[in-house]
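Since the structure comes first, as structure tokens, the remarks are kept for the end.
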Amino acid sequence: MAKTRVPRHIVWSKRELDLSDPWLRRWYIGQVLVHGRAEDVAQLDWDEIRRVLPELELPGEVRRLWEGYFRARA
């Protein structure tokens with residue numbers, strides 16, 4: 001995957017990220033879950049969110065929201 005343009009409201013320091021880097025991709029997913037708008041979150045791969053959720057550093061309320069969401073869909 002090539003560099004991807006990212007919205008300024010999600011990542012303030014860079015305009016493009018190389019989301020082929022696994023660490024950077026996980027970090028970006030966390031940023032989207034915390035700072036993203038509905039349309040930003042909708043662009044993520046929901047199976048990937050479920051898979052990496054335990055590894056993400058998220059505020060407690062955001063983590064509980066997503067864990068609850070995936071538990072309800074199981």
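Naming works like this for the structure tokens: A, B, ... for the chains as they're shown, residue 1 at the start of each chain, ligands 1 onward in shown order.
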Inset, instruction - Run DSSP on the backbone of this structure and report the residues of chain A it assigns to alpha helix (DSSP H), as a PyMOL selection string. - result: chain A and resi 22-35+38-42+46-52+60-73
Legend entry - Contacts of Val32 of chain A at 9 Å (only C-alpha atoms; same-chain gap of 4+ positions) as JSON, numbers by chain: {"A": [10, 11, 27, 28, 36, 37, 40, 41, 44]}
Would you mind exporting the chosen residues as a PDB file, in the first residue's frame, restricted to C-alpha atoms?
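After the write, part-v6.pdb holds the following:
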```
ATOM      1  CA  ILE A  10      -7.227  12.794  12.741  1.00  0.00           C
ATOM      2  CA  VAL A  11      -3.473  13.280  12.334  1.00  0.00           C
ATOM      3  CA  TRP A  27      -1.824   3.539  15.442  1.00  0.00           C
ATOM      4  CA  TYR A  28      -3.878   5.169  12.681  1.00  0.00           C
ATOM      5  CA  GLY A  36     -12.471  10.405  13.484  1.00  0.00           C
ATOM      6  CA  ARG A  37     -15.875  11.375  12.213  1.00  0.00           C
ATOM      7  CA  ASP A  40     -13.735   8.248   8.714  1.00  0.00           C
ATOM      8  CA  VAL A  41     -14.665   5.266  10.867  1.00  0.00           C
ATOM      9  CA  LEU A  44     -11.953   1.330   8.154  1.00  0.00           C
TER      10      LEU A  44
END
```
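Look at Pro59 of chain A: the protein and nucleic acid residues within 10 Å of it, using only C-alpha atoms and passing over chain neighbours fewer than 5 places away, are Gly30, Leu33, Val34 and Arg64 of chain A.
As for atom CA of Leu56 of chain A and atom CA of Arg25 of chain A, they are spaced 10.7 Å apart.
When DSSP reads the backbone of this structure, the residues of chain A it assigns to strand (DSSP E or B) are Lys3, Thr4, Arg5, Glu16, Leu17 and Asp18 of chain A.
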Take the selection from the previous step and output its residues with C-alpha atoms, as an mmCIF file, in the first residue's frame.
```cif
data_model
loop_
_atom_site.group_PDB
_atom_site.id
_atom_site.type_symbol
_atom_site.label_atom_id
_atom_site.label_comp_id
_atom_site.auth_asym_id
_atom_site.auth_seq_id
_atom_site.Cartn_x
_atom_site.Cartn_y
_atom_site.Cartn_z
ATOM 1 C CA LYS A 3 1.219 6.467 1.279
ATOM 2 C CA THR A 4 -2.304 7.520 2.124
ATOM 3 C CA ARG A 5 -3.556 11.062 2.652
ATOM 4 C CA GLU A 16 0.369 11.252 4.450
ATOM 5 C CA LEU A 17 1.038 7.975 6.214
ATOM 6 C CA ASP A 18 2.388 4.678 4.927
#
```
